[in-house]
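S.K.: Here you go, one structure.
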Amino acid sequence: MKIEDVRRTAYSMPLTSPSYPKGPYRFFNREYFIITYRTDPAALEKVVPEPLKVTDPIVKYEFIRMPDSTGFGDYTETGQVIPVEFEGKKGGFVHSMYLDDEAPIAGGRELWGFPKKLAKPSFAVESDVLVAKLNYGSVLCACGTMGYKYEALDKDAVLKSMLAPNWMIKIIPHVDGSARICELVEYYLEDVTIKEAWTGPAALGLFPHAICDVAKLPVLEVLSAVHIKSDLTLGLGKVAYDYLKD
């Protein structure tokens, strides 16, 4: 393979058999179960990086089913998003993500900097209850439940909330182990269609684990819950702040 061929074809690892295809990345019938809860402000201050600002001691715990996505396939994901503010814009800081599929783990980390780890989330309807769990190996780390389709929500209001910006920290190390790239990345969901939106009574339990540390942002009070079905495109990001630039 010539140097010119490497330059022309390289976009992901491995060079000759990338872990995921090029985008755009479109999701069909993407299903969210999001529980908003109040947490310890001191715990938030330890994990939200400047120049982002914590506005309220709030966390959104998300379970997401993605049965049909271009390039990434069929998988389930879960994690924590923290409402923050950056340069006058309100949005969410993606703090943690756990999922069960190699392609979106590799693509999410390499392209955007999503904090993805391999685990075993699940998402199902059991009789009259929506039940979602996160297992890291054999250990239960999170369990969320919600009354199934108790009350319909305003789709326009839900759509507006999904169009807000999101941020995360993209870190790519140098060969000596130091940070070669350390950036605050901003991205948006695009071409969003809300098919269904529901709320109902909900509960969330987070359990201590040495590696899967979702319980370090403890649940003090469940504030609300939503169950959404949608189609959308995951927009590519932009660099909002470079931590290594003088």
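Labels used: A, B, ... for chains in the order of the structure tokens, numbers from 1 for residues in each chain, and numbers from 1 for ligands as shown.
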Could you give me, as a ChimeraX atom specification, the residues within 12 Å of Asp5 of chain A, counting only C-alpha atoms and dropping anything in the same chain fewer than 5 positions from it?
M.R.: /A:10-11,15-16
S.K.: Segment 23-123 of chain A: which residues are strand (DSSP E or B) by DSSP, as a PyMOL selection string?
M.R.: chain A and resi 25-38+53-54+58-69+73-86+89-99+116-118+120-123
S.K.: Show which residues sit within 10 Å of Val139 of chain A, as a PDB file with C-alpha atoms, in the first residue's frame. Count only C-alpha atoms, and ignore same-chain residues fewer than 6 positions away.
M.R.:
```pdb
ATOM      1  CA  LYS A 120     -24.701  -5.068  29.155  1.00  0.00           C
ATOM      2  CA  PHE A 207     -25.471   0.689  42.780  1.00  0.00           C
ATOM      3  CA  PRO A 208     -21.764   1.059  43.647  1.00  0.00           C
ATOM      4  CA  HIS A 209     -19.211  -0.557  41.362  1.00  0.00           C
ATOM      5  CA  CYS A 212     -18.936   1.277  36.344  1.00  0.00           C
TER       6      CYS A 212
END
```
S.K.: Taking into account only C-alpha atoms, which residue in the set A:Asp213, A:Glu110, A:Glu151, A:Asp246 is nearest to Lys170 of chain A?
M.R.: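 Among the listed residues, A:Glu110 lies closest to Lys170 of chain A.
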S.K.: Could you name the residues that touch Thr145 of chain A at 10 Å or less, counting only C-alpha atoms, but leaving out those on the same chain fewer than 2 positions away, as a count of residues only?
M.R.: 21
S.K.: Report the distance between atom CA of Val219 of chain A and atom CA of Gly79 of chain A in Å, rounded to one decimal place.
M.R.: 13.8 Å
S.K.: Would you mind listing what lies within 8 Å of Asn166 of chain A as a ChimeraX atom specification, with only C-alpha atoms counted and same-chain residues fewer than 4 positions away left out?
M.R.: /A:91-94,186-188
S.K.: I need the chosen residues saved as a PDB file, in the first residue's frame, with N, CA and C atoms.
M.R.:
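Now in again-v9.pdb:
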```pdb
ATOM      1  N   GLY A  91     -27.315  23.189  27.562  1.00  0.00           N
ATOM      2  CA  GLY A  91     -27.333  21.891  26.914  1.00  0.00           C
ATOM      3  C   GLY A  91     -26.939  20.817  27.901  1.00  0.00           C
ATOM      4  N   GLY A  92     -26.312  19.743  27.394  1.00  0.00           N
ATOM      5  CA  GLY A  92     -25.965  18.631  28.264  1.00  0.00           C
ATOM      6  C   GLY A  92     -24.521  18.189  28.099  1.00  0.00           C
ATOM      7  N   PHE A  93     -23.879  17.851  29.218  1.00  0.00           N
ATOM      8  CA  PHE A  93     -22.536  17.271  29.210  1.00  0.00           C
ATOM      9  C   PHE A  93     -22.675  15.764  29.321  1.00  0.00           C
ATOM     10  N   VAL A  94     -22.139  15.051  28.340  1.00  0.00           N
ATOM     11  CA  VAL A  94     -22.226  13.590  28.332  1.00  0.00           C
ATOM     12  C   VAL A  94     -21.136  13.038  29.257  1.00  0.00           C
ATOM     13  N   GLU A 186     -18.644  19.800  20.672  1.00  0.00           N
ATOM     14  CA  GLU A 186     -20.067  20.158  20.684  1.00  0.00           C
ATOM     15  C   GLU A 186     -20.757  19.460  19.518  1.00  0.00           C
ATOM     16  N   TYR A 187     -21.903  18.870  19.772  1.00  0.00           N
ATOM     17  CA  TYR A 187     -22.650  18.228  18.695  1.00  0.00           C
ATOM     18  C   TYR A 187     -24.148  18.410  18.915  1.00  0.00           C
ATOM     19  N   TYR A 188     -24.912  18.138  17.847  1.00  0.00           N
ATOM     20  CA  TYR A 188     -26.366  18.283  17.873  1.00  0.00           C
ATOM     21  C   TYR A 188     -27.023  17.056  17.238  1.00  0.00           C
TER      22      TYR A 188
END
```
S.K.: A:Thr199, A:Thr55, A:Thr70, A:Ser138: which is nearest Phe28 of chain A, counting only C-alpha atoms?
M.R.: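 Checking each of A:Thr199, A:Thr55, A:Thr70, A:Ser138 against Phe28 of chain A, counting only C-alpha atoms, the winner is A:Thr70.
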S.K.: Return the single residue from A:Cys182, A:Val48, A:Leu163, A:Val54 that is closest to Thr233 of chain A, with distances computed using only C-alpha atoms.
M.R.: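 Answer, going by the shortest atom-to-atom distance: A:Leu163.
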S.K.: To one decimal place in Å, what is the distance between atom CA of Lys89 of chain A and atom CA of Leu244 of chain A?
M.R.: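 Going from atom CA of Lys89 of chain A over to atom CA of Leu244 of chain A covers 22.9 Å.
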S.K.: Name all residues at most 8 Å from segment 154-158 of chain A (count only C-alpha atoms; drop same-chain ones fewer than 6 positions away) and give them as a VMD selection string.
M.R.: chain A and resid 194 196 to 197
